[in-house]
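**Student:** What follows is run_33.cif, made up of mmCIF, C-alpha atoms:
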```cif
data_run
#
loop_
_atom_site.group_PDB
_atom_site.id
_atom_site.type_symbol
_atom_site.label_atom_id
_atom_site.label_comp_id
_atom_site.auth_asym_id
_atom_site.auth_seq_id
_atom_site.Cartn_x
_atom_site.Cartn_y
_atom_site.Cartn_z
ATOM 1 C CA MET A 1 1.136 -27.120 1.102
ATOM 2 C CA GLY A 2 -0.826 -26.812 -2.129
ATOM 3 C CA LEU A 3 -3.626 -24.361 -2.847
ATOM 4 C CA THR A 4 -4.506 -21.539 -0.489
ATOM 5 C CA ILE A 5 -6.963 -18.647 -0.623
ATOM 6 C CA GLY A 6 -6.013 -15.005 -0.234
ATOM 7 C CA VAL A 7 -8.609 -12.424 0.786
ATOM 8 C CA ASP A 8 -8.357 -8.704 0.062
ATOM 9 C CA ILE A 9 -10.762 -6.456 1.985
ATOM 10 C CA GLY A 10 -11.455 -3.361 -0.092
ATOM 11 C CA GLY A 11 -13.674 -0.370 0.516
ATOM 12 C CA THR A 12 -16.288 -1.494 -2.007
ATOM 13 C CA LYS A 13 -15.604 -5.199 -2.509
ATOM 14 C CA ILE A 14 -14.047 -8.196 -0.786
ATOM 15 C CA ALA A 15 -12.093 -10.400 -3.185
ATOM 16 C CA ALA A 16 -10.963 -13.962 -2.544
ATOM 17 C CA GLY A 17 -8.650 -15.866 -4.853
ATOM 18 C CA VAL A 18 -7.302 -19.390 -5.077
ATOM 19 C CA VAL A 19 -3.516 -19.158 -5.407
ATOM 20 C CA ASP A 20 -1.014 -21.888 -6.219
ATOM 21 C CA GLU A 21 2.605 -22.215 -5.065
ATOM 22 C CA GLU A 22 3.853 -20.182 -8.026
ATOM 23 C CA GLY A 23 1.657 -17.212 -7.139
ATOM 24 C CA ALA A 24 -0.820 -17.812 -9.963
ATOM 25 C CA ILE A 25 -4.473 -16.985 -9.266
ATOM 26 C CA LEU A 26 -6.614 -19.904 -10.391
ATOM 27 C CA ASP A 27 -10.070 -18.689 -9.384
ATOM 28 C CA THR A 28 -11.593 -15.559 -7.854
ATOM 29 C CA TYR A 29 -14.842 -14.629 -6.161
ATOM 30 C CA GLN A 30 -16.038 -11.184 -5.112
ATOM 31 C CA VAL A 31 -18.770 -9.877 -2.832
ATOM 32 C CA PRO A 32 -19.722 -6.289 -1.948
ATOM 33 C CA THR A 33 -18.184 -4.891 1.225
ATOM 34 C CA PRO A 34 -20.898 -4.564 3.888
ATOM 35 C CA SER A 35 -21.190 -1.499 6.088
ATOM 36 C CA THR A 36 -20.952 -3.307 9.442
ATOM 37 C CA ALA A 37 -18.038 -5.082 11.113
ATOM 38 C CA GLU A 38 -19.976 -8.329 11.578
ATOM 39 C CA GLY A 39 -21.262 -8.119 8.023
ATOM 40 C CA ILE A 40 -17.680 -8.003 6.782
ATOM 41 C CA VAL A 41 -16.896 -11.252 8.618
ATOM 42 C CA ASP A 42 -19.902 -12.849 6.916
ATOM 43 C CA ALA A 43 -18.752 -11.512 3.541
ATOM 44 C CA ILE A 44 -15.209 -12.843 4.011
ATOM 45 C CA CYS A 45 -16.587 -16.312 4.683
ATOM 46 C CA ALA A 46 -18.908 -16.092 1.672
ATOM 47 C CA ALA A 47 -16.025 -15.032 -0.584
ATOM 48 C CA VAL A 48 -13.822 -17.874 0.681
ATOM 49 C CA SER A 49 -16.614 -20.369 0.095
ATOM 50 C CA GLY A 50 -17.292 -19.047 -3.396
ATOM 51 C CA ALA A 51 -13.676 -19.034 -4.499
ATOM 52 C CA GLY A 52 -12.891 -22.446 -3.021
ATOM 53 C CA LYS A 53 -15.625 -24.406 -4.791
ATOM 54 C CA GLY A 54 -14.091 -27.265 -6.737
ATOM 55 C CA HIS A 55 -10.650 -26.797 -5.182
ATOM 56 C CA ASP A 56 -8.818 -28.580 -2.387
ATOM 57 C CA ILE A 57 -7.952 -25.591 -0.181
ATOM 58 C CA GLU A 58 -5.597 -25.973 2.758
ATOM 59 C CA ALA A 59 -5.480 -22.506 4.381
ATOM 60 C CA VAL A 60 -6.761 -18.942 4.107
ATOM 61 C CA GLY A 61 -4.840 -15.645 4.364
ATOM 62 C CA ILE A 62 -6.665 -12.385 5.026
ATOM 63 C CA GLY A 63 -5.186 -8.953 4.341
ATOM 64 C CA ALA A 64 -6.721 -6.384 6.690
ATOM 65 C CA ALA A 65 -6.098 -2.640 6.752
ATOM 66 C CA GLY A 66 -5.088 -2.019 10.335
ATOM 67 C CA TYR A 67 -2.896 -3.184 13.190
ATOM 68 C CA VAL A 68 -2.678 -6.973 13.394
ATOM 69 C CA ASP A 69 -1.190 -8.604 16.485
ATOM 70 C CA ASP A 70 2.024 -10.621 16.579
ATOM 71 C CA LYS A 71 0.098 -13.918 16.430
ATOM 72 C CA ARG A 72 -1.546 -12.908 13.128
ATOM 73 C CA ALA A 73 -4.914 -13.549 14.710
ATOM 74 C CA THR A 74 -6.456 -10.352 16.051
ATOM 75 C CA VAL A 75 -7.055 -7.017 14.359
ATOM 76 C CA LEU A 76 -6.109 -4.633 17.157
ATOM 77 C CA PHE A 77 -7.374 -1.558 15.357
ATOM 78 C CA ALA A 78 -8.798 -0.937 11.894
ATOM 79 C CA PRO A 79 -9.235 2.730 10.936
ATOM 80 C CA ASN A 80 -11.992 2.161 8.372
ATOM 81 C CA ILE A 81 -13.850 -0.721 10.059
ATOM 82 C CA ASN A 82 -15.165 -0.754 13.602
ATOM 83 C CA TRP A 83 -12.745 -3.498 14.633
ATOM 84 C CA ARG A 84 -11.097 -3.097 18.032
ATOM 85 C CA HIS A 85 -9.288 -6.244 19.219
ATOM 86 C CA GLU A 86 -11.347 -8.198 16.700
ATOM 87 C CA PRO A 87 -10.577 -11.980 16.896
ATOM 88 C CA LEU A 88 -10.826 -12.320 13.116
ATOM 89 C CA LYS A 89 -8.800 -15.524 12.824
ATOM 90 C CA ASP A 90 -10.992 -17.425 15.292
ATOM 91 C CA LYS A 91 -14.256 -16.164 13.816
ATOM 92 C CA VAL A 92 -13.354 -17.093 10.240
ATOM 93 C CA GLU A 93 -11.745 -20.428 11.171
ATOM 94 C CA GLN A 94 -14.919 -21.523 12.940
ATOM 95 C CA ARG A 95 -16.915 -20.794 9.809
ATOM 96 C CA VAL A 96 -14.651 -22.086 7.034
ATOM 97 C CA GLY A 97 -13.053 -25.039 8.835
ATOM 98 C CA MET A 98 -9.513 -24.231 7.720
ATOM 99 C CA GLN A 99 -6.419 -22.625 9.177
ATOM 100 C CA VAL A 100 -6.574 -18.826 8.836
ATOM 101 C CA VAL A 101 -3.735 -16.292 8.942
ATOM 102 C CA VAL A 102 -4.503 -12.578 9.306
ATOM 103 C CA GLU A 103 -1.945 -10.032 8.089
ATOM 104 C CA ASN A 104 -1.819 -6.301 7.587
ATOM 105 C CA ASP A 105 -2.803 -5.644 3.964
ATOM 106 C CA ALA A 106 0.310 -3.597 3.149
ATOM 107 C CA ASN A 107 2.517 -6.340 4.598
ATOM 108 C CA ALA A 108 0.668 -8.897 2.492
ATOM 109 C CA ALA A 109 1.129 -6.802 -0.649
ATOM 110 C CA ALA A 110 4.824 -6.325 0.133
ATOM 111 C CA TRP A 111 5.279 -10.071 0.510
ATOM 112 C CA GLY A 112 3.464 -10.716 -2.753
ATOM 113 C CA GLU A 113 5.746 -8.311 -4.627
ATOM 114 C CA TYR A 114 8.869 -9.697 -2.951
ATOM 115 C CA LYS A 115 7.993 -13.315 -3.674
ATOM 116 C CA PHE A 116 6.328 -13.117 -7.086
ATOM 117 C CA GLY A 117 6.754 -9.590 -8.426
ATOM 118 C CA ALA A 118 9.333 -6.814 -8.633
ATOM 119 C CA GLY A 119 11.236 -8.032 -5.566
ATOM 120 C CA GLN A 120 12.320 -11.349 -7.044
ATOM 121 C CA GLY A 121 16.088 -11.726 -6.778
ATOM 122 C CA HIS A 122 16.358 -9.389 -3.791
ATOM 123 C CA ASP A 123 16.894 -10.454 -0.173
ATOM 124 C CA ASP A 124 16.297 -7.028 1.373
ATOM 125 C CA VAL A 125 13.329 -5.033 0.094
ATOM 126 C CA ILE A 126 11.267 -2.134 1.403
ATOM 127 C CA CYS A 127 7.846 -1.646 -0.158
ATOM 128 C CA ILE A 128 5.670 1.437 -0.045
ATOM 129 C CA THR A 129 2.141 1.760 -1.374
ATOM 130 C CA LEU A 130 1.087 5.188 -2.583
ATOM 131 C CA GLY A 131 -2.678 4.931 -2.498
ATOM 132 C CA THR A 132 -5.256 7.023 -0.700
ATOM 133 C CA GLY A 133 -2.781 6.856 2.188
ATOM 134 C CA LEU A 134 0.759 5.479 2.417
ATOM 135 C CA GLY A 135 1.484 1.936 3.597
ATOM 136 C CA GLY A 136 4.535 -0.261 3.594
ATOM 137 C CA GLY A 137 6.277 -3.517 4.314
ATOM 138 C CA ILE A 138 9.757 -4.636 5.357
ATOM 139 C CA ILE A 139 11.513 -7.740 4.035
ATOM 140 C CA ILE A 140 15.030 -8.144 5.422
ATOM 141 C CA GLY A 141 17.025 -11.350 5.037
ATOM 142 C CA ASN A 142 14.156 -12.908 3.063
ATOM 143 C CA LYS A 143 11.772 -12.532 6.019
ATOM 144 C CA LEU A 144 8.796 -10.274 6.557
ATOM 145 C CA ARG A 145 9.675 -8.111 9.550
ATOM 146 C CA ARG A 146 6.605 -7.230 11.598
ATOM 147 C CA GLY A 147 8.178 -5.971 14.843
ATOM 148 C CA ARG A 148 7.671 -7.318 18.346
ATOM 149 C CA PHE A 149 3.961 -6.511 18.471
ATOM 150 C CA GLY A 150 3.185 -7.054 14.782
ATOM 151 C CA VAL A 151 2.599 -3.429 13.856
ATOM 152 C CA ALA A 152 5.868 -2.340 12.204
ATOM 153 C CA ALA A 153 6.171 -0.572 8.835
ATOM 154 C CA GLU A 154 3.431 2.022 9.373
ATOM 155 C CA PHE A 155 5.563 4.334 7.273
ATOM 156 C CA GLY A 156 2.704 6.671 6.422
ATOM 157 C CA HIS A 157 2.595 7.878 10.011
ATOM 158 C CA ILE A 158 6.237 8.847 10.361
ATOM 159 C CA ARG A 159 6.081 12.557 11.174
ATOM 160 C CA VAL A 160 8.020 14.429 8.505
ATOM 161 C CA VAL A 161 6.759 17.945 9.298
ATOM 162 C CA PRO A 162 6.590 18.895 12.983
ATOM 163 C CA ASP A 163 3.181 20.463 13.662
ATOM 164 C CA GLY A 164 2.298 19.911 9.998
ATOM 165 C CA LEU A 165 -0.982 18.939 8.386
ATOM 166 C CA LEU A 166 -3.497 17.112 10.569
ATOM 167 C CA CYS A 167 -3.624 13.407 9.715
ATOM 168 C CA GLY A 168 -6.569 11.049 10.025
ATOM 169 C CA CYS A 169 -4.601 9.166 12.672
ATOM 170 C CA GLY A 170 -4.823 12.200 14.954
ATOM 171 C CA SER A 171 -1.188 13.242 14.634
ATOM 172 C CA GLN A 172 0.248 16.095 12.581
ATOM 173 C CA GLY A 173 2.750 16.159 9.740
ATOM 174 C CA CYS A 174 2.564 12.464 8.819
ATOM 175 C CA TRP A 175 4.354 11.379 5.641
ATOM 176 C CA GLU A 176 1.132 10.243 3.969
ATOM 177 C CA GLN A 177 -0.214 13.798 4.160
ATOM 178 C CA TYR A 178 2.520 14.777 1.687
ATOM 179 C CA ALA A 179 3.027 11.596 -0.380
ATOM 180 C CA SER A 180 -0.243 9.864 -1.243
ATOM 181 C CA GLY A 181 -3.167 10.014 -3.636
ATOM 182 C CA ARG A 182 -4.964 12.337 -1.247
ATOM 183 C CA ALA A 183 -1.942 14.659 -1.193
ATOM 184 C CA LEU A 184 -1.754 14.624 -5.001
ATOM 185 C CA VAL A 185 -5.334 15.868 -5.277
ATOM 186 C CA ARG A 186 -4.692 18.580 -2.688
ATOM 187 C CA TYR A 187 -1.640 19.812 -4.593
ATOM 188 C CA ALA A 188 -3.591 19.922 -7.850
ATOM 189 C CA ARG A 189 -6.527 21.810 -6.347
ATOM 190 C CA GLN A 190 -4.271 24.368 -4.679
ATOM 191 C CA ARG A 191 -2.290 24.983 -7.854
ATOM 192 C CA ALA A 192 -5.355 25.102 -10.087
ATOM 193 C CA ASN A 193 -6.894 27.683 -7.774
ATOM 194 C CA ALA A 194 -3.715 29.792 -7.779
ATOM 195 C CA THR A 195 -2.956 29.576 -11.535
ATOM 196 C CA PRO A 196 -6.036 28.365 -13.433
ATOM 197 C CA GLU A 197 -4.414 29.390 -16.722
ATOM 198 C CA ASN A 198 -1.888 26.558 -16.198
ATOM 199 C CA ALA A 199 -4.605 24.003 -15.442
ATOM 200 C CA GLU A 200 -6.850 24.248 -18.475
ATOM 201 C CA ILE A 201 -6.776 20.525 -19.270
ATOM 202 C CA LEU A 202 -7.112 19.549 -15.620
ATOM 203 C CA LEU A 203 -10.119 21.818 -15.036
ATOM 204 C CA ARG A 204 -11.775 20.686 -18.257
ATOM 205 C CA LEU A 205 -11.566 17.044 -17.175
ATOM 206 C CA GLY A 206 -13.320 17.879 -13.911
ATOM 207 C CA ASP A 207 -16.312 20.137 -13.445
ATOM 208 C CA GLY A 208 -14.404 23.327 -14.193
ATOM 209 C CA THR A 209 -13.618 24.161 -10.577
ATOM 210 C CA PRO A 210 -10.576 23.293 -8.444
ATOM 211 C CA GLU A 211 -12.877 21.607 -5.925
ATOM 212 C CA GLY A 212 -14.094 19.211 -8.624
ATOM 213 C CA ILE A 213 -10.611 17.825 -9.351
ATOM 214 C CA GLU A 214 -10.172 14.135 -8.519
ATOM 215 C CA GLY A 215 -7.192 11.797 -8.691
ATOM 216 C CA LYS A 216 -8.199 10.341 -12.053
ATOM 217 C CA HIS A 217 -8.311 13.852 -13.514
ATOM 218 C CA VAL A 218 -4.783 14.643 -12.310
ATOM 219 C CA SER A 219 -3.442 11.457 -13.883
ATOM 220 C CA ALA A 220 -5.192 11.996 -17.207
ATOM 221 C CA ALA A 221 -4.194 15.666 -17.379
ATOM 222 C CA ALA A 222 -0.571 14.900 -16.550
ATOM 223 C CA ARG A 223 -0.430 12.413 -19.414
ATOM 224 C CA GLU A 224 -1.569 15.250 -21.693
ATOM 225 C CA GLY A 225 1.129 17.561 -20.310
ATOM 226 C CA ASP A 226 -1.047 19.838 -18.186
ATOM 227 C CA PRO A 227 1.495 21.985 -16.260
ATOM 228 C CA VAL A 228 -0.370 21.959 -12.933
ATOM 229 C CA ALA A 229 -0.981 18.204 -13.058
ATOM 230 C CA VAL A 230 2.650 17.472 -13.918
ATOM 231 C CA ASP A 231 3.873 19.800 -11.180
ATOM 232 C CA SER A 232 1.546 18.122 -8.669
ATOM 233 C CA PHE A 233 3.083 14.741 -9.439
ATOM 234 C CA ARG A 234 6.552 16.248 -9.032
ATOM 235 C CA GLU A 235 5.629 17.628 -5.608
ATOM 236 C CA LEU A 236 4.342 14.243 -4.471
ATOM 237 C CA ALA A 237 7.486 12.593 -5.857
ATOM 238 C CA ARG A 238 9.714 15.068 -4.020
ATOM 239 C CA TRP A 239 8.207 14.019 -0.694
ATOM 240 C CA ALA A 240 8.142 10.326 -1.595
ATOM 241 C CA GLY A 241 11.791 10.253 -2.660
ATOM 242 C CA ALA A 242 12.952 12.163 0.398
ATOM 243 C CA GLY A 243 11.144 9.643 2.591
ATOM 244 C CA LEU A 244 12.782 6.733 0.794
ATOM 245 C CA ALA A 245 16.173 8.326 1.462
ATOM 246 C CA ASP A 246 15.347 8.302 5.185
ATOM 247 C CA LEU A 247 14.250 4.665 4.983
ATOM 248 C CA ALA A 248 17.539 3.827 3.245
ATOM 249 C CA SER A 249 19.355 5.187 6.297
ATOM 250 C CA LEU A 250 17.293 2.885 8.500
ATOM 251 C CA PHE A 251 17.172 -0.357 6.505
ATOM 252 C CA ASP A 252 19.743 -0.168 3.665
ATOM 253 C CA PRO A 253 17.728 -2.360 1.259
ATOM 254 C CA SER A 254 18.842 -3.331 -2.212
ATOM 255 C CA ALA A 255 15.490 -2.256 -3.641
ATOM 256 C CA PHE A 256 12.481 -0.089 -2.924
ATOM 257 C CA ILE A 257 9.260 -1.221 -4.563
ATOM 258 C CA VAL A 258 6.662 1.470 -5.146
ATOM 259 C CA GLY A 259 3.083 0.264 -5.502
ATOM 260 C CA GLY A 260 -0.417 1.618 -5.009
ATOM 261 C CA GLY A 261 -2.696 3.481 -7.371
ATOM 262 C CA VAL A 262 -0.393 6.495 -7.774
ATOM 263 C CA SER A 263 2.407 4.244 -9.071
ATOM 264 C CA ASP A 264 0.186 3.135 -11.952
ATOM 265 C CA GLU A 265 1.393 6.256 -13.758
ATOM 266 C CA GLY A 266 4.809 4.616 -14.187
ATOM 267 C CA GLU A 267 7.756 6.826 -15.049
ATOM 268 C CA LEU A 268 5.645 9.964 -14.719
ATOM 269 C CA VAL A 269 5.980 9.521 -10.957
ATOM 270 C CA LEU A 270 8.853 7.026 -10.616
ATOM 271 C CA ASP A 271 11.481 9.083 -12.432
ATOM 272 C CA PRO A 272 11.031 12.146 -10.181
ATOM 273 C CA ILE A 273 10.902 9.870 -7.114
ATOM 274 C CA ARG A 274 14.302 8.449 -8.089
ATOM 275 C CA LYS A 275 15.717 11.951 -8.585
ATOM 276 C CA SER A 276 14.439 13.072 -5.191
ATOM 277 C CA PHE A 277 15.779 9.899 -3.585
ATOM 278 C CA ARG A 278 19.257 10.569 -4.991
ATOM 279 C CA ARG A 279 19.041 14.221 -3.977
ATOM 280 C CA TRP A 280 18.311 13.456 -0.313
ATOM 281 C CA LEU A 281 20.279 10.244 0.215
ATOM 282 C CA ILE A 282 22.897 10.917 2.879
ATOM 283 C CA GLY A 283 26.385 10.141 1.529
ATOM 284 C CA GLY A 284 24.825 9.414 -1.821
ATOM 285 C CA GLU A 285 27.991 10.253 -3.762
ATOM 286 C CA TRP A 286 29.946 7.502 -2.043
ATOM 287 C CA ARG A 287 27.489 4.733 -1.175
ATOM 288 C CA PRO A 288 25.585 2.189 -3.291
ATOM 289 C CA HIS A 289 22.064 3.222 -4.247
ATOM 290 C CA ALA A 290 19.047 0.994 -3.819
ATOM 291 C CA GLN A 291 16.969 0.469 -6.943
ATOM 292 C CA VAL A 292 13.554 2.161 -7.012
ATOM 293 C CA LEU A 293 11.256 -0.226 -8.843
ATOM 294 C CA ALA A 294 7.632 -0.189 -9.930
ATOM 295 C CA ALA A 295 5.408 -2.845 -8.394
ATOM 296 C CA GLN A 296 4.427 -5.541 -10.880
ATOM 297 C CA LEU A 297 1.376 -7.247 -9.379
ATOM 298 C CA GLY A 298 -0.879 -4.208 -9.137
ATOM 299 C CA GLY A 299 -4.059 -4.734 -7.164
ATOM 300 C CA LYS A 300 -3.426 -8.487 -6.944
ATOM 301 C CA ALA A 301 -0.359 -8.167 -4.701
ATOM 302 C CA GLY A 302 -2.245 -8.233 -1.394
ATOM 303 C CA LEU A 303 -4.364 -11.223 -2.325
ATOM 304 C CA VAL A 304 -1.391 -13.220 -3.622
ATOM 305 C CA GLY A 305 0.776 -12.262 -0.657
ATOM 306 C CA ALA A 306 -1.892 -13.164 1.907
ATOM 307 C CA ALA A 307 -2.393 -16.550 0.260
ATOM 308 C CA ASP A 308 1.331 -17.290 0.336
ATOM 309 C CA LEU A 309 1.669 -16.218 3.970
ATOM 310 C CA ALA A 310 -1.178 -18.610 4.813
ATOM 311 C CA ARG A 311 0.786 -21.365 3.085
ATOM 312 C CA GLN A 312 3.668 -20.739 5.461
ATOM 313 C CA GLY A 313 1.387 -20.845 8.511
#
```
Represent the supplied structure as structure tokens.

**Tutor:**
Amino acid sequence: MGLTIGVDIGGTKIAAGVVDEEGAILDTYQVPTPSTAEGIVDAICAAVSGAGKGHDIEAVGIGAAGYVDDKRATVLFAPNINWRHEPLKDKVEQRVGMQVVVENDANAAAWGEYKFGAGQGHDDVICITLGTGLGGGIIIGNKLRRGRFGVAAEFGHIRVVPDGLLCGCGSQGCWEQYASGRALVRYARQRANATPENAEILLRLGDGTPEGIEGKHVSAAAREGDPVAVDSFRELARWAGAGLADLASLFDPSAFIVGGGVSDEGELVLDPIRKSFRRWLIGGEWRPHAQVLAAQLGGKAGLVGAADLARQG
């Protein structure tokens, strides 16, 4: 199969891209993300049509944030869109006249990194995305492992603290409450409130109050050596690395790939994640250690991965 289109559904925009067999994006088209579920279907079709002009497209892959069934056809549940058992594949296929594959967006991003990014050369890879929440994907034996019902690898909702912080999923103590962009901001605000004298740069970048601190401020302040910002990254990394050690006990991959917006800070977050991973890895003195690698495709991973999964049918 030749050219396919990958679709990435974001909170503010829906991006479609024409992708070749080497993972190169040849053309892109973006539309704003509508506020209604039906409007999003319309926008997906418009983005596919816009990107595909002048190209011979054979299939479409859609990355959706939510639970996607084992047939890669229906979005069972999407937390940020009012989709409940939404037959997305059928709706889009009827409109675009091509085969459509629907995949969880974190799975799609994991596949993109495995096939064309940091995972090249590895047969067994676990990906995590440290964004607003925490997502993931499992590639074992060169295959994307989705579980019997298609909803595996929801790593962010592994409970790491019994009766811990309330999560948006309704449970308590989920991993993403301690290792995510949202957690990073919470750490920074708490520390800036407790010791404002150690957060001078961080507070200056915001509005001067702990409540005004945002993720971009924590990143910028950490790069300038702000003690509270740096310590907030270390706290996030401590939780992230400990979680990877648990995943190593489950899957024993040769590599972990860390993506998402938080990972854009590179070694500022990756080095302490590796240290935490080594600290908590059971039998770590005597067993091989998986590599902890930075994702390479950035925000394009989901689009590229979805397009390649559509190529496979």

**Student:** Tell me which residues the PyMOL selection byres ((chain A and resi 154) around 12) grabs here, as an MDAnalysis selection string.

**Tutor:** chainID A and resid 65:68 104:107 126:129 133:138 145:147 150:153 155:159 169 174:176 247

**Student:** Generate the output file for the selected residues, C-alpha atoms, as a PDB file, keeping the file's coordinate frame.

**Tutor:**
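again28.pdb was written with the following content:
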```pdb
ATOM      1  CA  ALA A  65      -6.098  -2.640   6.752  1.00  0.00           C
ATOM      2  CA  GLY A  66      -5.088  -2.019  10.335  1.00  0.00           C
ATOM      3  CA  TYR A  67      -2.896  -3.184  13.190  1.00  0.00           C
ATOM      4  CA  VAL A  68      -2.678  -6.973  13.394  1.00  0.00           C
ATOM      5  CA  ASN A 104      -1.819  -6.301   7.587  1.00  0.00           C
ATOM      6  CA  ASP A 105      -2.803  -5.644   3.964  1.00  0.00           C
ATOM      7  CA  ALA A 106       0.310  -3.597   3.149  1.00  0.00           C
ATOM      8  CA  ASN A 107       2.517  -6.340   4.598  1.00  0.00           C
ATOM      9  CA  ILE A 126      11.267  -2.134   1.403  1.00  0.00           C
ATOM     10  CA  CYS A 127       7.846  -1.646  -0.158  1.00  0.00           C
ATOM     11  CA  ILE A 128       5.670   1.437  -0.045  1.00  0.00           C
ATOM     12  CA  THR A 129       2.141   1.760  -1.374  1.00  0.00           C
ATOM     13  CA  GLY A 133      -2.781   6.856   2.188  1.00  0.00           C
ATOM     14  CA  LEU A 134       0.759   5.479   2.417  1.00  0.00           C
ATOM     15  CA  GLY A 135       1.484   1.936   3.597  1.00  0.00           C
ATOM     16  CA  GLY A 136       4.535  -0.261   3.594  1.00  0.00           C
ATOM     17  CA  GLY A 137       6.277  -3.517   4.314  1.00  0.00           C
ATOM     18  CA  ILE A 138       9.757  -4.636   5.357  1.00  0.00           C
ATOM     19  CA  ARG A 145       9.675  -8.111   9.550  1.00  0.00           C
ATOM     20  CA  ARG A 146       6.605  -7.230  11.598  1.00  0.00           C
ATOM     21  CA  GLY A 147       8.178  -5.971  14.843  1.00  0.00           C
ATOM     22  CA  GLY A 150       3.185  -7.054  14.782  1.00  0.00           C
ATOM     23  CA  VAL A 151       2.599  -3.429  13.856  1.00  0.00           C
ATOM     24  CA  ALA A 152       5.868  -2.340  12.204  1.00  0.00           C
ATOM     25  CA  ALA A 153       6.171  -0.572   8.835  1.00  0.00           C
ATOM     26  CA  PHE A 155       5.563   4.334   7.273  1.00  0.00           C
ATOM     27  CA  GLY A 156       2.704   6.671   6.422  1.00  0.00           C
ATOM     28  CA  HIS A 157       2.595   7.878  10.011  1.00  0.00           C
ATOM     29  CA  ILE A 158       6.237   8.847  10.361  1.00  0.00           C
ATOM     30  CA  ARG A 159       6.081  12.557  11.174  1.00  0.00           C
ATOM     31  CA  CYS A 169      -4.601   9.166  12.672  1.00  0.00           C
ATOM     32  CA  CYS A 174       2.564  12.464   8.819  1.00  0.00           C
ATOM     33  CA  TRP A 175       4.354  11.379   5.641  1.00  0.00           C
ATOM     34  CA  GLU A 176       1.132  10.243   3.969  1.00  0.00           C
ATOM     35  CA  LEU A 247      14.250   4.665   4.983  1.00  0.00           C
TER      36      LEU A 247
END
```

**Student:** Can you translate the PyMOL selection byres ((chain A and resi 73) around 10) into the concrete residues it hits in this file, as a PyMOL selection string?

**Tutor:** chain A and resi 62+68-72+74-76+85-91+100-103

**Student:** Dump as an NGL selection string all residues having an atom at most 9 Å from (-12.5, -7.2, -2.5), computed in the file's coordinates with only C-alpha atoms.

**Tutor:** :A and (7-16 or 29-33 or 47)

**Student:** With 8 Å as the cut-off and all atoms listed in the file counted, what is the closest atom pair between each nearby residue of range 199-295 of chain A and range 178-194 of chain A? Distances in Å to one decimal, ordered by chain and number, as a Markdown table.

**Tutor:**
```
| residue | atom | partner | partner_atom | distance |
| --- | --- | --- | --- | --- |
| A:Ala199 | CA | A:Ala192 | CA | 5.5 |
| A:Leu203 | CA | A:Ala192 | CA | 7.6 |
| A:Pro210 | CA | A:Arg189 | CA | 4.8 |
| A:Glu211 | CA | A:Arg189 | CA | 6.4 |
| A:Ile213 | CA | A:Arg189 | CA | 6.4 |
| A:Glu214 | CA | A:Val185 | CA | 6.1 |
| A:Gly215 | CA | A:Val185 | CA | 5.6 |
| A:Val218 | CA | A:Ala188 | CA | 7.0 |
| A:Val228 | CA | A:Arg191 | CA | 6.2 |
| A:Ala229 | CA | A:Ala188 | CA | 6.1 |
| A:Ser232 | CA | A:Tyr187 | CA | 5.4 |
| A:Phe233 | CA | A:Leu184 | CA | 6.6 |
| A:Glu235 | CA | A:Tyr187 | CA | 7.7 |
| A:Leu236 | CA | A:Ala179 | CA | 5.0 |
| A:Ala237 | CA | A:Ala179 | CA | 7.1 |
| A:Trp239 | CA | A:Ala179 | CA | 5.7 |
| A:Ala240 | CA | A:Ala179 | CA | 5.4 |
| A:Gly261 | CA | A:Gly181 | CA | 7.5 |
| A:Val262 | CA | A:Gly181 | CA | 6.1 |
```

**Student:** Applying the PyMOL selection byres ((chain A and resi 288-299) around 6) to the file I just gave you, which residues come out? Please list them as number ranges by chain.

**Tutor:** A: 117-118, 254-259, 287, 300-301

**Student:** Taking C-alpha atoms for each residue, export the selection above as a PDB file, in the coordinates of the input.

**Tutor:**
```
ATOM      1  CA  GLY A 117       6.754  -9.590  -8.426  1.00  0.00           C
ATOM      2  CA  ALA A 118       9.333  -6.814  -8.633  1.00  0.00           C
ATOM      3  CA  SER A 254      18.842  -3.331  -2.212  1.00  0.00           C
ATOM      4  CA  ALA A 255      15.490  -2.256  -3.641  1.00  0.00           C
ATOM      5  CA  PHE A 256      12.481  -0.089  -2.924  1.00  0.00           C
ATOM      6  CA  ILE A 257       9.260  -1.221  -4.563  1.00  0.00           C
ATOM      7  CA  VAL A 258       6.662   1.470  -5.146  1.00  0.00           C
ATOM      8  CA  GLY A 259       3.083   0.264  -5.502  1.00  0.00           C
ATOM      9  CA  ARG A 287      27.489   4.733  -1.175  1.00  0.00           C
ATOM     10  CA  LYS A 300      -3.426  -8.487  -6.944  1.00  0.00           C
ATOM     11  CA  ALA A 301      -0.359  -8.167  -4.701  1.00  0.00           C
TER      12      ALA A 301
END
```

**Student:** Within 12 Å of Asn142 in chain A, counting only C-alpha atoms, which residues qualify if same-chain residues fewer than 3 places away don't, as a list of chain:residue names?

**Tutor:** A:Ala110, A:Trp111, A:Tyr114, A:Lys115, A:Gly119, A:Gln120, A:Gly121, A:His122, A:Asp123, A:Asp124, A:Val125, A:Ile126, A:Ile138, A:Ile139, A:Arg145, A:Pro253, A:Ser254

**Student:** Would you put the residues from that selection into a file with C-alpha atoms, as a short mmCIF file (atom, residue, chain, number, x, y, z; two decimals), keeping the file's coordinate frame?

**Tutor:**
```
data_model
loop_
_atom_site.label_atom_id
_atom_site.label_comp_id
_atom_site.auth_asym_id
_atom_site.auth_seq_id
_atom_site.Cartn_x
_atom_site.Cartn_y
_atom_site.Cartn_z
CA ALA A 110 4.82 -6.32 0.13
CA TRP A 111 5.28 -10.07 0.51
CA TYR A 114 8.87 -9.70 -2.95
CA LYS A 115 7.99 -13.32 -3.67
CA GLY A 119 11.24 -8.03 -5.57
CA GLN A 120 12.32 -11.35 -7.04
CA GLY A 121 16.09 -11.73 -6.78
CA HIS A 122 16.36 -9.39 -3.79
CA ASP A 123 16.89 -10.45 -0.17
CA ASP A 124 16.30 -7.03 1.37
CA VAL A 125 13.33 -5.03 0.09
CA ILE A 126 11.27 -2.13 1.40
CA ILE A 138 9.76 -4.64 5.36
CA ILE A 139 11.51 -7.74 4.04
CA ARG A 145 9.68 -8.11 9.55
CA PRO A 253 17.73 -2.36 1.26
CA SER A 254 18.84 -3.33 -2.21
#
```
